[in-house]
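Note sheet for the following structure.
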Amino acid sequence: MTPDDNRGCPVLDMSARALHQQNADLRSAGPAVRVELPDGVIAWSVTRSSVIRALTSDPRVSRDPYRHWPGLAAVPEGWPLGAIPLGYSFLNRYGEQHRSGRRQMAPAFSPRRVAALRPGIEATTAALVAGLRSLDPGESVDVRQALSRPLTTTVICDLFGVPVDMRHRVTAPMDALLMTTATTERMTASRAALDAVLTELLELKRSDPGSDLATDVAVTRGEDGAGPTDQECRDILYLMLSAGYETAVNLITSAIQALLTHPHHLVAVLAGSLSWEDVIEETLRHECPVMHLPLRYPLTDIDLGDGVVIRRGEPILLGFGAAGRDPEVHPDRPDDFDPTRHSKEHLAFGHGPHFCLGAPLARLEAEAALKGLFGAYPDAVLAPSHPPPPRLESVIVNGPSELWIVPSPVSSSS
């Protein structure tokens, strides 16, 4: 395939209505397939686990669009996929710039530091689960809004020292920025709203510093102006807050849905023959909270074999969520949720130098949420009066946009 041949290039469905089928079609078409993204941007979609691993480990592949994406100038403001790849955080830096920024944040997410958060996370979970006691037997509740979202919001905002009265103003525009069906007008407005509240947060931390990660970001810029710019500080906060919030919301909600859809696995966990870790890792494989993470750019032509050559500067869209259902990795029923399977290999937290710093925290939050919910309500079921939940309209994040459950079903004998 030549670099100028875009004939028959499939359009990636931004609504994600048939996400897994679309991934399967792309995976079967080759090691990388040209797809059309919004506003006519052409990128290489990669959905095979082995190819994703190779590209994420290859020093010839960059995440920096400002140095390595020649087509960036043609991308309009408010591009629906732009919130992550066009940010000025260390995520989108190359080489030592990336390593330096990552080193600054990594200690806060070490396994030891995360383990110290366990009592607070379990206490928050217990309080949220206790709030469900006000429901009558048979009454339903959206568990995404009642448990998954407030738990993860509280944890990440506590970690970054976001005041309670700012939290909705932070999370609402972050939600909008990850919806890939949003118009450019909505994306632009959401970005402006987020910048405004993050600017306010930075000013607060500089005038009244605390023992939190937002203060750490705010004070990296000295009084002489040295260090990250205000925009870079805002983008670092956006990256860390959204990654620590949205991923865990979807992981928890998808795990609850999977267990209530396959109740025999829940019975096995509660009986002690299956672990919460098994459930969490299988959920990460089966319904990865992040599906496609844009974008990367080769510094030189890269030959993937089978006649596929990605030319220097051509954007690459890696389908980390698709890797978990790759038949080459999971030949036995890759599309089935089965926490008893031996191998649960996945790329839910990425691979290589950009592996997600928040992976231990997301796993801990999921374990606390599942233990807390099903420890209190072992007989919970999906709400029969609600249809299957709609999916998030995004090719970036993946999960149900709501999940109605009945924590205390009415006994058939009552």
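Note on naming: chains are A, B, ... as they come in the structure tokens, residues start from 1 per chain, ligands start from 1 in the order shown.
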
Leaving out segment 257-269 of chain A and any residue of its chain fewer than 3 positions from it, which residues lie within 8 Å of it when counting only C-alpha atoms, given as a ChimeraX atom specification? /A:253-254,272-276,283,337,339,380-382,403

Prev. selection, C-alpha atoms, output as a PDB file, in the first residue's frame:
ATOM      1  CA  THR A 253     -18.667  -0.436  36.184  1.00  0.00           C
ATOM      2  CA  SER A 254     -17.695  -3.022  33.565  1.00  0.00           C
ATOM      3  CA  GLY A 272     -13.611 -18.127  47.760  1.00  0.00           C
ATOM      4  CA  SER A 273     -12.895 -20.317  44.734  1.00  0.00           C
ATOM      5  CA  LEU A 274     -12.235 -17.310  42.492  1.00  0.00           C
ATOM      6  CA  SER A 275     -10.402 -14.111  43.416  1.00  0.00           C
ATOM      7  CA  TRP A 276     -11.275 -10.464  42.893  1.00  0.00           C
ATOM      8  CA  THR A 283     -12.399  -7.305  32.934  1.00  0.00           C
ATOM      9  CA  PHE A 337     -15.851 -13.137  29.830  1.00  0.00           C
ATOM     10  CA  PRO A 339     -12.225 -15.055  34.918  1.00  0.00           C
ATOM     11  CA  ALA A 380     -27.633  -7.891  43.688  1.00  0.00           C
ATOM     12  CA  VAL A 381     -28.934  -8.288  40.127  1.00  0.00           C
ATOM     13  CA  LEU A 382     -29.171  -6.228  36.986  1.00  0.00           C
ATOM     14  CA  LEU A 403     -25.631   0.547  34.827  1.00  0.00           C
TER      15      LEU A 403
END

Would you kindly return, as a ChimeraX atom specification, each protein, DNA or RNA residue with an atom no farther than 6 Å from any atom of segment 313-324 of chain A, considering only C-alpha atoms and excluding same-chain residues fewer than 5 positions away? /A:43-49,68-70,285,288,291-298,346-348

Shortest contact to Asp212 of chain A, candidates A:Ile156, A:Val61, A:Leu135, A:Met166, atoms counted only C-alpha atoms, goes to A:Ile156

Among the residues A:Ala108, A:Ala83, A:Ala29, A:Ile280, the one that comes closest to Ser190 of chain A [using only C-alpha atoms]: A:Ala83

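All residues in segment 126-325 of chain A with a DSSP state of strand (DSSP E or B), computed from the backbone, read A:Val141, A:Asp142, A:Val290, A:Leu293, A:Pro294, A:Leu295, A:Arg296, A:Tyr297, A:Pro298, A:Ile302, A:Asp303, A:Leu304, A:Gly305, A:Val308, A:Val309, A:Ile310, A:Ile316, A:Leu317, A:Leu318.
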
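Residues lying within 8 Å of Ile84 of chain A, counting only C-alpha atoms and ignoring same-chain neighbours fewer than 2 positions away, are Leu81, Gly82, Leu86, Gly87, Leu239 and Pro294 of chain A.
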
Name the residues of segment 31-262 of chain A that fall into alpha helix (DSSP H) according to DSSP on the backbone, using the chain letters and numbers of this document, as a ChimeraX atom specification. /A:49-56,65-68,96-105,111-115,118-130,143,149-160,167-177,184-207,213-218,230-261

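Atom to atom, atom CA of Pro360 of chain A and atom CA of Gly244 of chain A stand 10.4 Å apart.
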
Can you tell me, as a PyMOL selection string, what residues are no more than 7 Å from Ser408 of chain A when counting only C-alpha atoms, ignoring any on the same chain fewer than 4 positions away? chain A and resi 137-138+377+379-380

Which residues are near Glu246 of chain A? Cut-off 10 Å, only C-alpha atoms, ignore same chain within fewer than 5 positions. Put them as a list of chain:residue names. A:Ser148, A:Arg149, A:Thr152, A:Thr153, A:Thr171, A:Met174, A:Asp175, A:Leu178, A:Leu241, A:Leu251, A:Pro289, A:Val290, A:Ala362, A:Val397, A:Asn398, A:Gly399

File dump, residues just selected, N, CA and C atoms, as a tab-separated table (two decimals), in the first residue's frame:
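Result file follows (again.tsv):
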chain	number	residue	atom	x	y	z
A	148	SER	N	-19.23	3.92	41.29
A	148	SER	CA	-18.00	3.99	40.49
A	148	SER	C	-17.48	5.41	40.35
A	149	ARG	N	-18.37	6.31	39.95
A	149	ARG	CA	-17.94	7.68	39.67
A	149	ARG	C	-17.56	8.44	40.95
A	152	THR	N	-14.10	7.06	42.49
A	152	THR	CA	-12.87	7.42	41.78
A	152	THR	C	-12.65	8.93	41.78
A	153	THR	N	-13.73	9.70	41.71
A	153	THR	CA	-13.59	11.16	41.79
A	153	THR	C	-13.00	11.56	43.13
A	171	THR	N	-14.53	17.46	36.58
A	171	THR	CA	-14.86	16.19	35.94
A	171	THR	C	-15.84	16.33	34.77
A	174	MET	N	-14.04	17.12	31.55
A	174	MET	CA	-13.19	15.98	31.21
A	174	MET	C	-14.02	14.89	30.54
A	175	ASP	N	-15.22	14.63	31.07
A	175	ASP	CA	-16.11	13.65	30.45
A	175	ASP	C	-16.39	14.03	29.00
A	178	LEU	N	-13.66	13.48	26.25
A	178	LEU	CA	-13.36	12.11	25.84
A	178	LEU	C	-14.45	11.49	24.98
A	241	LEU	N	-5.47	13.73	36.21
A	241	LEU	CA	-6.82	13.64	36.77
A	241	LEU	C	-7.72	12.76	35.91
A	251	LEU	N	-13.57	0.66	34.59
A	251	LEU	CA	-13.16	-0.66	35.06
A	251	LEU	C	-14.16	-1.19	36.09
A	289	PRO	N	-10.88	-0.49	29.77
A	289	PRO	CA	-11.43	0.84	30.01
A	289	PRO	C	-10.99	1.89	29.00
A	290	VAL	N	-9.83	1.67	28.37
A	290	VAL	CA	-9.35	2.56	27.31
A	290	VAL	C	-9.21	1.72	26.05
A	362	ALA	N	-5.79	2.03	40.05
A	362	ALA	CA	-7.02	1.57	39.42
A	362	ALA	C	-7.41	0.18	39.91
A	397	VAL	N	-12.35	5.95	25.35
A	397	VAL	CA	-12.70	5.24	26.58
A	397	VAL	C	-13.84	4.26	26.29
A	398	ASN	N	-13.93	3.23	27.10
A	398	ASN	CA	-14.87	2.14	26.83
A	398	ASN	C	-15.57	1.70	28.11
A	399	GLY	N	-16.89	1.62	28.05
A	399	GLY	CA	-17.66	1.14	29.19
A	399	GLY	C	-19.11	1.54	29.05

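With only C-alpha atoms as the atoms that count, the residue of A:Met14, A:Val406, A:Ile252, A:Ala32 with the shortest distance to Arg133 of chain A is A:Val406.
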